[in-house]
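Pasted below: protein04.cif, mmCIF, C-alpha atoms.
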data_model
#
loop_
_atom_site.label_atom_id
_atom_site.label_comp_id
_atom_site.auth_asym_id
_atom_site.auth_seq_id
_atom_site.Cartn_x
_atom_site.Cartn_y
_atom_site.Cartn_z
CA MET Q 118 28.48 -6.97 -8.12
CA PRO Q 119 25.50 -4.83 -7.00
CA ASP Q 120 25.98 -1.34 -5.57
CA ILE Q 121 25.40 -2.21 -1.89
CA ASP Q 122 25.65 1.36 -0.61
CA GLY Q 123 23.31 2.66 -3.30
CA PHE Q 124 20.73 0.00 -2.51
CA ASP Q 125 21.02 0.61 1.24
CA GLU Q 126 20.46 4.34 0.73
CA PHE Q 127 17.51 3.66 -1.58
CA TYR Q 128 15.99 1.23 0.91
CA ARG Q 129 16.37 3.55 3.90
CA GLY Q 130 14.94 6.46 1.94
CA SER Q 131 11.89 4.68 0.57
CA ARG Q 132 10.89 1.82 2.88
CA GLN Q 133 8.44 3.75 5.09
CA ARG Q 134 6.64 5.36 2.14
CA LEU Q 135 6.26 2.04 0.36
CA LEU Q 136 5.12 0.23 3.49
CA GLY Q 137 2.53 2.94 4.15
CA PHE Q 138 1.33 2.80 0.56
CA VAL Q 139 0.92 -0.98 0.51
CA TYR Q 140 -0.70 -0.91 3.96
CA VAL Q 141 -3.35 1.46 2.62
CA LEU Q 142 -3.95 -0.88 -0.32
CA THR Q 143 -4.18 -4.04 1.78
CA GLY Q 144 -5.48 -2.75 5.10
CA ASN Q 145 -3.26 -5.31 6.81
CA LEU Q 146 0.15 -4.38 8.22
CA ALA Q 147 1.56 -7.92 8.13
CA GLU Q 148 0.47 -8.41 4.52
CA ALA Q 149 1.93 -5.03 3.59
CA GLN Q 150 5.23 -5.86 5.29
CA ASP Q 151 5.45 -9.18 3.47
CA ALA Q 152 4.67 -7.66 0.07
CA VAL Q 153 7.15 -4.80 0.54
CA GLN Q 154 9.86 -7.16 1.78
CA GLU Q 155 9.40 -9.40 -1.25
CA ALA Q 156 9.47 -6.38 -3.59
CA TYR Q 157 12.76 -5.19 -2.06
CA ILE Q 158 14.22 -8.67 -2.41
CA ARG Q 159 13.34 -8.63 -6.10
CA ALA Q 160 14.79 -5.13 -6.45
CA TRP Q 161 18.03 -6.26 -4.81
CA GLN Q 162 18.26 -9.25 -7.15
CA ARG Q 163 17.92 -6.90 -10.15
CA TRP Q 164 19.56 -3.83 -8.62
CA SER Q 165 22.04 -3.38 -11.46
CA THR Q 166 19.03 -2.86 -13.76
CA VAL Q 167 16.54 -1.27 -11.36
CA SER Q 168 19.04 1.34 -10.14
CA GLY Q 169 19.30 2.65 -13.69
CA TYR Q 170 15.58 3.40 -13.95
CA ASP Q 171 14.40 7.00 -13.70
CA ASP Q 172 12.34 6.08 -10.64
CA PRO Q 173 13.42 2.83 -8.95
CA GLU Q 174 10.91 3.45 -6.17
CA ALA Q 175 8.07 3.34 -8.70
CA TRP Q 176 9.34 -0.05 -9.89
CA VAL Q 177 9.38 -1.41 -6.33
CA ARG Q 178 5.95 0.13 -5.67
CA VAL Q 179 4.45 -1.59 -8.72
CA VAL Q 180 6.05 -4.92 -7.77
CA ALA Q 181 4.82 -4.62 -4.18
CA SER Q 182 1.30 -3.76 -5.40
CA ARG Q 183 1.26 -6.76 -7.71
CA ILE Q 184 2.49 -9.04 -4.93
CA ALA Q 185 -0.25 -7.73 -2.65
CA VAL Q 186 -2.92 -8.29 -5.30
CA SER Q 187 -1.60 -11.79 -5.87
CA ARG Q 188 -1.90 -12.47 -2.17
CA TRP Q 189 -5.46 -11.18 -2.11
CA ARG Q 190 -6.27 -13.97 -4.54
CA SER Q 191 -5.18 -16.50 -1.95
CA LEU Q 192 -7.36 -14.98 0.77
CA ARG Q 193 -9.35 -18.17 1.21
CA SER Q 194 -6.25 -20.15 2.22
CA ARG Q 195 -5.15 -17.45 4.67
CA ALA Q 196 -8.62 -17.33 6.19
CA ARG Q 197 -8.54 -21.09 6.75
CA ALA Q 198 -5.10 -20.80 8.37
CA TYR Q 199 -6.38 -18.02 10.59
CA LEU Q 200 -9.23 -20.21 11.76
CA ARG Q 201 -6.78 -23.02 12.52
CA HIS Q 202 -4.13 -20.92 14.30
CA GLY Q 203 -5.86 -17.78 15.59
CA VAL Q 204 -4.52 -14.26 16.02
CA GLU Q 205 -0.87 -13.67 16.82
CA ALA Q 206 -0.89 -12.35 20.40
CA SER Q 207 2.13 -10.05 20.08
CA VAL Q 208 0.65 -7.77 17.40
CA PRO Q 209 -0.44 -4.43 18.93
CA ALA Q 210 -3.96 -3.33 18.16
CA PRO Q 211 -4.34 -0.41 15.76
CA SER Q 212 -5.91 2.81 17.02
CA THR Q 213 -9.63 3.35 16.56
CA GLU Q 214 -8.97 6.12 14.04
CA THR Q 215 -6.70 3.86 11.99
CA VAL Q 216 -9.31 1.11 11.92
CA GLU Q 217 -12.00 3.57 10.83
CA VAL Q 218 -9.88 5.07 8.04
CA VAL Q 219 -8.71 1.69 6.76
CA ALA Q 220 -12.28 0.34 6.83
CA ALA Q 221 -13.46 3.39 4.89
CA LEU Q 222 -10.60 3.05 2.38
CA ARG Q 223 -11.47 -0.61 1.83
CA ARG Q 224 -14.94 0.44 0.73
CA LEU Q 225 -13.58 2.65 -2.05
CA PRO Q 226 -12.98 1.29 -5.55
CA GLU Q 227 -9.36 0.17 -6.04
CA ALA Q 228 -8.60 2.97 -8.53
CA GLN Q 229 -9.72 5.66 -6.04
CA ARG Q 230 -7.91 3.97 -3.15
CA THR Q 231 -4.68 3.76 -5.17
CA ALA Q 232 -4.89 7.40 -6.28
CA ILE Q 233 -5.54 8.54 -2.70
CA ALA Q 234 -2.66 6.46 -1.34
CA LEU Q 235 -0.19 7.71 -3.96
CA HIS Q 236 -1.23 11.35 -3.70
CA TYR Q 237 -1.92 11.82 0.00
CA LEU Q 238 0.16 9.13 1.65
CA LEU Q 239 3.22 9.33 -0.60
CA GLY Q 240 2.78 12.98 -1.52
CA MET Q 241 3.04 12.37 -5.25
CA PRO Q 242 1.85 15.16 -7.56
CA VAL Q 243 -1.26 14.44 -9.60
CA ALA Q 244 0.77 14.21 -12.82
CA GLU Q 245 3.03 11.56 -11.31
CA VAL Q 246 0.03 9.60 -10.01
CA ALA Q 247 -1.38 9.74 -13.53
CA ARG Q 248 1.88 8.44 -15.00
CA GLU Q 249 2.15 5.60 -12.51
CA THR Q 250 -1.48 4.50 -12.80
CA GLU Q 251 -1.47 5.00 -16.57
CA ALA Q 252 -4.54 7.22 -16.36
CA PRO Q 253 -5.14 10.74 -17.72
CA VAL Q 254 -4.56 13.61 -15.27
CA GLY Q 255 -8.26 14.48 -15.37
CA THR Q 256 -9.18 10.93 -14.43
CA VAL Q 257 -6.80 11.02 -11.47
CA LYS Q 258 -8.29 14.33 -10.32
CA ALA Q 259 -11.78 12.83 -10.57
CA ARG Q 260 -10.70 9.75 -8.62
CA LEU Q 261 -9.17 11.93 -5.91
CA SER Q 262 -12.25 14.14 -5.71
CA ARG Q 263 -14.70 11.23 -5.64
CA GLY Q 264 -12.51 9.30 -3.21
CA ARG Q 265 -12.29 12.27 -0.82
CA ALA Q 266 -16.04 12.77 -0.98
CA ALA Q 267 -16.71 9.09 -0.38
CA LEU Q 268 -14.24 8.98 2.52
CA ALA Q 269 -15.77 12.07 4.09
CA GLY Q 270 -19.21 10.50 3.88
CA LEU Q 271 -18.03 7.14 5.24
CA LEU Q 272 -16.12 8.72 8.11
CA ALA Q 273 -19.03 11.07 8.92
CA VAL Q 274 -21.32 8.05 9.27
CA VAL Q 275 -18.82 6.51 11.71
CA ASP Q 276 -18.81 9.75 13.74
CA LEU Q 277 -22.62 9.84 13.83
CA GLU Q 278 -22.78 6.20 14.92
CA GLU Q 279 -20.28 6.90 17.72
CA GLU Q 280 -22.27 9.93 18.89
CA ALA Q 281 -25.50 7.89 18.92
CA ALA Q 282 -23.78 5.16 20.93
CA ASP Q 283 -22.50 7.71 23.46
CA ALA Q 284 -25.94 9.27 23.93
#
Here is a file; write its structure as structure tokens.
Amino acid sequence: MPDIDGFDEFYRGSRQRLLGFVYVLTGNLAEAQDAVQEAYIRAWQRWSTVSGYDDPEAWVRVVASRIAVSRWRSLRSRARAYLRHGVEASVPAPSTETVEVVAALRRLPEAQRTAIALHYLLGMPVAEVARETEAPVGTVKARLSRGRAALAGLLAVVDLEEEAADA
């Protein structure tokens, strides 16, 4: 029988970080919630094994990322469903800043976006990001540096466009 208390503690301690991470990867809160929920279901089903890993959260994070990528592949079907059914009215609109940051993150290469999400959103040290992404530390540092520079440029353009519109 699985360790219910251990899983509950793990879930409560990691759910927000994982949801934030997957949200940054997908740019869609509903998609992120679905992917994270499915990853936790899979973790629960294998908890006797997953709980013995050095970093169970990393396992769930990888599973959630893979689920999200898998869902990206079915984007065409979701787009058709959206056209048929429209937007769900009860979903609150994200803030302007959130939209701008997510739009800028979407324009980054996946490797940079992942490194930025792991390091800045989850607060993982560079060495841990390198381990999880299976990339050398120097590569992770380069991805972070290039990603920050690209984000700064993308967000500066948004600020300039807003100033021009206000003038």
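Of note, atom CA of Q:Thr250 and atom CA of Q:Gly130 are spaced 22.2 Å apart.
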Once the PyMOL selection byres ((chain Q and resi 134-140) around 9) has been applied to the shown file, what residues remain in the selection, as a PDB file with C-alpha atoms, in the frame of the given file?
ATOM      1  CA  GLY Q 130      14.940   6.460   1.940  1.00  0.00           C
ATOM      2  CA  SER Q 131      11.890   4.680   0.570  1.00  0.00           C
ATOM      3  CA  ARG Q 132      10.890   1.820   2.880  1.00  0.00           C
ATOM      4  CA  GLN Q 133       8.440   3.750   5.090  1.00  0.00           C
ATOM      5  CA  VAL Q 141      -3.350   1.460   2.620  1.00  0.00           C
ATOM      6  CA  LEU Q 142      -3.950  -0.880  -0.320  1.00  0.00           C
ATOM      7  CA  THR Q 143      -4.180  -4.040   1.780  1.00  0.00           C
ATOM      8  CA  GLY Q 144      -5.480  -2.750   5.100  1.00  0.00           C
ATOM      9  CA  ASN Q 145      -3.260  -5.310   6.810  1.00  0.00           C
ATOM     10  CA  LEU Q 146       0.150  -4.380   8.220  1.00  0.00           C
ATOM     11  CA  ALA Q 147       1.560  -7.920   8.130  1.00  0.00           C
ATOM     12  CA  GLU Q 148       0.470  -8.410   4.520  1.00  0.00           C
ATOM     13  CA  ALA Q 149       1.930  -5.030   3.590  1.00  0.00           C
ATOM     14  CA  GLN Q 150       5.230  -5.860   5.290  1.00  0.00           C
ATOM     15  CA  ALA Q 152       4.670  -7.660   0.070  1.00  0.00           C
ATOM     16  CA  VAL Q 153       7.150  -4.800   0.540  1.00  0.00           C
ATOM     17  CA  GLN Q 154       9.860  -7.160   1.780  1.00  0.00           C
ATOM     18  CA  GLU Q 174      10.910   3.450  -6.170  1.00  0.00           C
ATOM     19  CA  VAL Q 177       9.380  -1.410  -6.330  1.00  0.00           C
ATOM     20  CA  ARG Q 178       5.950   0.130  -5.670  1.00  0.00           C
ATOM     21  CA  ALA Q 181       4.820  -4.620  -4.180  1.00  0.00           C
ATOM     22  CA  SER Q 182       1.300  -3.760  -5.400  1.00  0.00           C
ATOM     23  CA  ALA Q 185      -0.250  -7.730  -2.650  1.00  0.00           C
ATOM     24  CA  VAL Q 219      -8.710   1.690   6.760  1.00  0.00           C
ATOM     25  CA  THR Q 231      -4.680   3.760  -5.170  1.00  0.00           C
ATOM     26  CA  ALA Q 234      -2.660   6.460  -1.340  1.00  0.00           C
ATOM     27  CA  LEU Q 235      -0.190   7.710  -3.960  1.00  0.00           C
ATOM     28  CA  LEU Q 238       0.160   9.130   1.650  1.00  0.00           C
ATOM     29  CA  LEU Q 239       3.220   9.330  -0.600  1.00  0.00           C
TER      30      LEU Q 239
END
Compare Q:Pro209, Q:Gly123, Q:Gly270, Q:Gly255 by their minimum atom-to-atom distance to Q:Pro173, counting all atoms listed in the file, and give me the closest one.
-> Q:Gly123
Just give me the gap between atom CA of Q:Gly264 and atom CA of Q:Gln229 in Å, one decimal is fine.
->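 Separation of atom CA of Q:Gly264 and atom CA of Q:Gln229: 5.4 Å.
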Students should find that atom CA of Q:Met241 and atom CA of Q:Trp176 are spaced 14.7 Å
Ground truth for the PyMOL selection byres ((chain Q and resi 162-169) around 12), written as a list of chain:residue names =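 On the file shown, the PyMOL selection byres ((chain Q and resi 162-169) around 12) covers Q:Met118, Q:Pro119, Q:Asp120, Q:Ile121, Q:Asp122, Q:Gly123, Q:Phe124, Q:Asp125, Q:Glu126, Q:Phe127, Q:Tyr128, Q:Glu155, Q:Ala156, Q:Tyr157, Q:Ile158, Q:Arg159, Q:Ala160, Q:Trp161, Q:Tyr170, Q:Asp171, Q:Asp172, Q:Pro173, Q:Glu174, Q:Ala175, Q:Trp176, Q:Val177, Q:Val180.
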Name the residues that the PyMOL selection byres ((chain Q and resi 221) around 12) pulls out of this structure, and write them as a ChimeraX atom specification.
-> /Q:141-142,144,214-220,222-226,229-230,264-275
